[in-house]
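J.: I have a structure I would like to understand better, so I am pasting it below and will then ask my questions one at a time.
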Amino acid sequence: MVDLELTFEKNLSIGQKIEPRDWMPENYRKQLIRLISQHAHSEIVGMLPEGNWITRAPSLRRKIALLAKVQDEAGHGLYLYCAAETLGISREEMFDQLHTKKAKYSSIFNYPTLTWADIGMIGWLVDGAAIINQTTMAKCSYGPYSRGLLRICKEENFHKIQGMEIVGILCSGTNEQKEMAQESLNRWWWPSLMMFGPHDTNSPNSSDLMKWKIKIKSNDELRQRFVDMTVEQAKVFGLTIPDPELKFNTETRSWETGEINWDEFYSVINGNGLCNNERISARRSAYEDNSWVRDAATSYKIKKNKKAEAA
Amino acid sequence: MHLKNDNSLFEYLVRLGDDRLILGHRLSEWCGHAPILEEDIALANIAQDCIGHATHFLNAASEVENKIKTADELTYFRDAIDYKNLLIMELPKGDFAFTIVRQFLVDSFTFLLYEKLQNSGNKFISDITTKALKEVQYHLRHSSQWVLRLGDGTELSHEKTQNALNILWLYTNEMFESDEIENSPSLKNFITKSSDLESEWENKVISHLQNATLKIPEMQTNYLSGGRRGIHTEHLGHLLSEMQIVARTYPGAKW
Amino acid sequence: MSTEQNKNEQWEIWEVFLQEKSGEPHSHAGSVRAADKEMALQNARDVYGRRDTINNIWIVKTKDITATNIEDKTSFFDSTDDKVYRHPQFYKLPDGIKDAFKKR
């Protein structure tokens with residue numbers, strides 16, 4: 001055991017990736033399963049708020065782009081479920097954890113999409129934040145997760161750009177459109193900052209995760225990078241960040257925000273967001289109401305195999 | 001708005017476009033709700049292809065009318081009565097069996113149609129269908145496989161698939177109606193009459209459905225039709241009111 | 001076939017290998033779940049071929065792959081990296097012979 005653990009730690013220290021068949025500490029495996037499945041659930045649940053607008057997209061170009069984007073999220077969820085499966089958990093078990101609310105997913109998807117501008121905001125802010133997280137995480141120590149994330153990052157670039165295009169067009173459109181964009185930013189700004197998780201001082205799993213190179217940068221570091229980038233972009237759009245305390249620190253050369261409403265953060269995580277129930281019940285019914293489809297395919301395969309054997 | 005009825009080419013392109021648009025819209029409703037994740041991706045792929053075809057056909061329609069209306073204007077600012085899709089496209093998505101059986105019946109038709117239209121003397125039609133045919137061929141492969149799995153799967157899936165077929169069958173004859181637009185002299189070298197496709201469609205479809213252990217419903221003399229004349233089921237109005245709401249609430253806005 | 005019997009049977013995992021252009025090697029893209037071969041091929045195409053052009057796809061059941069173990073690392077591979085004579089740099093040629101053809 002000691003030897004295996006030493007090899008594991010040595011491999012980590014020289015930046016080698018850990019692969020499914022390699023020995024790994026039980027807690028490393030557990031934390032990875034938790035993290036990767038949460039990430040996978042976020043992709044899948046994340047299809048719902050945007051999927052909500054596919055049928056109402058206001059032009060053919062928007063409709064097809066949004067469809068492609070939401071489809072990508074299904075693909076990304078799938079890459080991630082596959083990565084988690086290499087650690088010895090099945091997709092069914094993970095679905096079960098999601099459907100029984102044992103597993104968490106990114107809280108941002110428990111907020112409702114109320115206007116078309118929300119589709120732009122999600123691309124710009126939510127995907128923007130996700131890309132910052134994921135490009136960092138792509139350097140993580142677990143091979144299948146790292147490879148999955150690389151593929152995801154490559155594909156996700158257009159998500160953010162299409163969102164920014166939508167916001168840009170709204171901001172240079174009619175007054176009504178501009179108001180729609182500002183109102184939407186007002187609702188999405190704070191939840192996007194929450195996406196990076198609690199402050200480093202309150203992040204319970206962080207130190208282990210960093211030691212194992214499952215996590216590369218701290219929540220606050222990543223959040224700061226997001227704020228600095230987004231505040232500058234908002235200026236270009238002509239939008240106002242809904243934070244009266246926002247100010248530029250000339251020493252650190254970065255933007256300082258007011259305090260995040262952590263009560264809201266924990267309340268939404270604990271199931272009290274506007275859409276928590278809808279999201280889970282939509283996922284549940286997609287899975288459970290359609291179990292007969294999966295049974296049919298299994299049964300058909302068995303019949304076909306039997307016929308082939310008899311022949 | 002009423003479209004010029006004397007312009008057969010425009011009318012014909014709009015029909016082809018509307019068929020794909022409405023079918024693609026219905027398919028897109030599955031996104032996020034499919035039986036398996038892989039199927040979310042597959043159905044979204046097919047929906048994108050359909051909406052892509054619709055965009056090409058409606059752009060072409062816009063071109064032949066000297067761009068009086070753009071493809072987006074045709075999509076978002078026409079009422080149900082001016083939509084010319086087949087009724088089968090607009091029926092609500094139903095369960096997975098209903099969606100798959102519809103896809104199979106329509107894919108089989110679209111494949112035969114585009115195969116012929118590839119050789120159209122009209123460049124719009126031949127270009128669009130040549131490219132789209134490859135995609136439709138894949139759609140047909142996808143729906144054919146699922147028809148087998150569902151029809152010849154479990155008792156329950158068989159029952160659901162048979163029920164879907166019984167309903168959808170009533171809408172299939174409409175695909176092969178050749179009316180005055182299709183018979184218009186100006187379209188003579190441009191199109192294939194859909195009535196010419198019927199027997200081949202029937203042979204192929206029936207034998208596949210039988211392979212899937214499904215019973216072919218009896219041919220109805222009183223089948224349902226009207227879409228090509230703008231006489232739709234009540235479902236289309238609701239579909240359009242959802243699809244068009246943003247565009248119509250802010251007329252003149254760009255998106 | 002009763003549905004009860006099927007309930008617990010999970011669909012198999014298949015590994016997907018894509019060849020982008022004719023003549024290139026197939027490389028591993030990821031995996032998919034599928035009930036049968038045809039479904040596995042279609043899923044592979046939709047999941048991993050959404051963007052790029054694909055020339056050919058291989059699928060293989062994950063459980064049918066045999067791989068080396070971590071324990072094999074030393075005995076299996078270590079011996080190969082000291083066989084310098086397998087590399088062209090190991091050999092010395094007379095001066096000028098490499099460029100002889102070019103200078104012709």
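Every chain in the structure tokens has a letter given in the order shown (A, B, ...), and although residue numbers restart at 1 in each chain, ligands are simply numbered from 1 in the order shown.
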Using only C-alpha atoms, find which residues of chain B lie within 10 Å of chain C and jot them down as a ChimeraX atom specification.

T.: /B:36-46,138,141-142,145-146,149,153-157

J.: With N, CA and C atoms retained, write the just-selected residues as a compact mmCIF listing (two decimals), in the first residue's frame.

T.:
# COMPACT_ATOMS: atom_id res chain seq x y z
N ILE B 36 -32.87 8.87 -23.79
CA ILE B 36 -31.47 8.74 -23.39
C ILE B 36 -30.72 9.95 -23.92
N LEU B 37 -29.63 10.25 -23.27
CA LEU B 37 -28.84 11.42 -23.63
C LEU B 37 -28.40 11.39 -25.08
N GLU B 38 -28.00 10.21 -25.54
CA GLU B 38 -27.54 10.08 -26.91
C GLU B 38 -28.65 10.45 -27.89
N GLU B 39 -29.89 10.19 -27.49
CA GLU B 39 -31.02 10.49 -28.37
C GLU B 39 -31.37 11.98 -28.33
N ASP B 40 -31.11 12.65 -27.22
CA ASP B 40 -31.22 14.11 -27.18
C ASP B 40 -30.37 14.70 -28.28
N ILE B 41 -29.16 14.14 -28.39
CA ILE B 41 -28.21 14.65 -29.36
C ILE B 41 -28.66 14.31 -30.78
N ALA B 42 -29.11 13.09 -30.99
CA ALA B 42 -29.53 12.66 -32.32
C ALA B 42 -30.73 13.48 -32.80
N LEU B 43 -31.74 13.62 -31.96
CA LEU B 43 -32.94 14.36 -32.38
C LEU B 43 -32.62 15.83 -32.63
N ALA B 44 -31.73 16.38 -31.81
CA ALA B 44 -31.35 17.78 -32.02
C ALA B 44 -30.60 17.93 -33.35
N ASN B 45 -29.81 16.92 -33.69
CA ASN B 45 -29.11 16.94 -34.99
C ASN B 45 -30.10 16.98 -36.13
N ILE B 46 -31.09 16.12 -36.05
CA ILE B 46 -32.08 16.02 -37.11
C ILE B 46 -32.89 17.31 -37.18
N TYR B 138 -29.58 9.82 -43.74
CA TYR B 138 -29.21 9.46 -42.38
C TYR B 138 -30.43 9.48 -41.44
N ARG B 141 -32.24 6.32 -41.82
CA ARG B 141 -31.55 5.22 -41.17
C ARG B 141 -31.85 5.21 -39.66
N HIS B 142 -31.81 6.40 -39.09
CA HIS B 142 -32.08 6.54 -37.66
C HIS B 142 -33.51 6.13 -37.31
N GLN B 145 -34.27 2.29 -37.83
CA GLN B 145 -33.75 1.44 -36.75
C GLN B 145 -34.64 1.50 -35.52
N TRP B 146 -35.08 2.70 -35.18
CA TRP B 146 -35.92 2.83 -33.99
C TRP B 146 -37.30 2.20 -34.18
N ARG B 149 -36.80 -1.34 -33.28
CA ARG B 149 -36.62 -1.55 -31.84
C ARG B 149 -37.93 -1.38 -31.08
N GLY B 153 -39.92 -4.59 -29.98
CA GLY B 153 -39.24 -4.56 -28.68
C GLY B 153 -40.02 -5.30 -27.63
N THR B 154 -40.69 -4.57 -26.74
CA THR B 154 -41.52 -5.20 -25.71
C THR B 154 -42.99 -5.10 -26.13
N GLU B 155 -43.84 -5.77 -25.39
CA GLU B 155 -45.28 -5.68 -25.67
C GLU B 155 -45.75 -4.22 -25.58
N LEU B 156 -45.26 -3.56 -24.54
CA LEU B 156 -45.67 -2.17 -24.32
C LEU B 156 -45.22 -1.26 -25.46
N SER B 157 -43.97 -1.43 -25.87
CA SER B 157 -43.47 -0.55 -26.93
C SER B 157 -44.20 -0.86 -28.24

J.: Can you tell me which residues surround stretch 55-65 of chain C at a distance of at most 8 Å, considering only C-alpha atoms, apart from same-chain residues fewer than 5 positions away, and format the answer as a list in words?

T.: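 Surrounding residues, per the criterion: Glu12, Ile13, Trp14, Glu15, Val16, Phe17, Leu18, Gln19, Glu20, Lys21, Ser22, His26, Lys37, Ala40, Leu41, Ala44 and Arg45 of chain C.
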
J.: Convert the current residue selection to file output with C-alpha atoms, as a short mmCIF file (atom, residue, chain, number, x, y, z; two decimals), in the first residue's frame.

T.:
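And here's result-v2.cif as it stands now:
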data_model
loop_
_atom_site.label_atom_id
_atom_site.label_comp_id
_atom_site.auth_asym_id
_atom_site.auth_seq_id
_atom_site.Cartn_x
_atom_site.Cartn_y
_atom_site.Cartn_z
CA GLU C 12 -23.14 -1.65 -22.82
CA ILE C 13 -20.44 0.98 -23.04
CA TRP C 14 -18.64 1.20 -26.38
CA GLU C 15 -15.37 2.94 -27.08
CA VAL C 16 -15.34 5.16 -30.14
CA PHE C 17 -12.40 5.57 -32.52
CA LEU C 18 -12.59 8.18 -35.26
CA GLN C 19 -10.67 8.45 -38.49
CA GLU C 20 -10.88 11.98 -39.83
CA LYS C 21 -9.31 11.46 -43.23
CA SER C 22 -8.72 8.42 -45.35
CA HIS C 26 -8.22 5.92 -35.97
CA LYS C 37 -23.97 -2.12 -32.72
CA ALA C 40 -23.51 2.50 -31.06
CA LEU C 41 -22.40 3.62 -34.53
CA ALA C 44 -20.83 7.74 -32.01
CA ARG C 45 -21.54 9.71 -35.17
#

J.: Output as a PDB file with C-alpha atoms, in the first residue's frame the set of chain A residues within 8 Å of chain C, with distances taken over only C-alpha atoms.

T.:
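Now in result.pdb:
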ATOM      1  CA  ARG A  21      -6.462   1.526 -13.911  1.00  0.00           C
ATOM      2  CA  ASP A  22      -3.873   3.257 -11.744  1.00  0.00           C
ATOM      3  CA  TRP A  23      -4.004   2.909  -8.004  1.00  0.00           C
ATOM      4  CA  GLY A  75     -22.808  16.028 -25.500  1.00  0.00           C
ATOM      5  CA  LEU A  78     -22.274  12.658 -21.862  1.00  0.00           C
ATOM      6  CA  TYR A  79     -18.473  13.072 -22.025  1.00  0.00           C
ATOM      7  CA  CYS A  82     -18.363   8.662 -19.314  1.00  0.00           C
ATOM      8  CA  TRP A 292     -40.131   1.726 -21.868  1.00  0.00           C
ATOM      9  CA  ASP A 295     -36.523  -1.570 -22.356  1.00  0.00           C
ATOM     10  CA  ALA A 297     -34.167  -1.467 -27.318  1.00  0.00           C
ATOM     11  CA  THR A 298     -32.759  -3.990 -24.850  1.00  0.00           C
ATOM     12  CA  SER A 299     -35.464  -6.490 -25.631  1.00  0.00           C
ATOM     13  CA  LYS A 301     -31.287  -6.691 -29.079  1.00  0.00           C
TER      14      LYS A 301
END

J.: Distance cut-off 6 Å, counting only C-alpha atoms - which residues of chain B neighbour chain A? Return them as a list of chain:residue names.

T.: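 Matching residues, ligands excluded from the count: B:Gly32, B:His33, B:Ala34, B:Pro35, B:Ile41, B:Gln48, B:Asp72, B:Arg149, B:Leu150, B:Gly153, B:Thr154, B:Glu242, B:Met243, B:Val246, B:Ala247.
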
J.: Between atom CA of B:Leu13 and atom CA of B:Thr249, what is the distance, to one decimal in Å?

T.: 27.2 Å
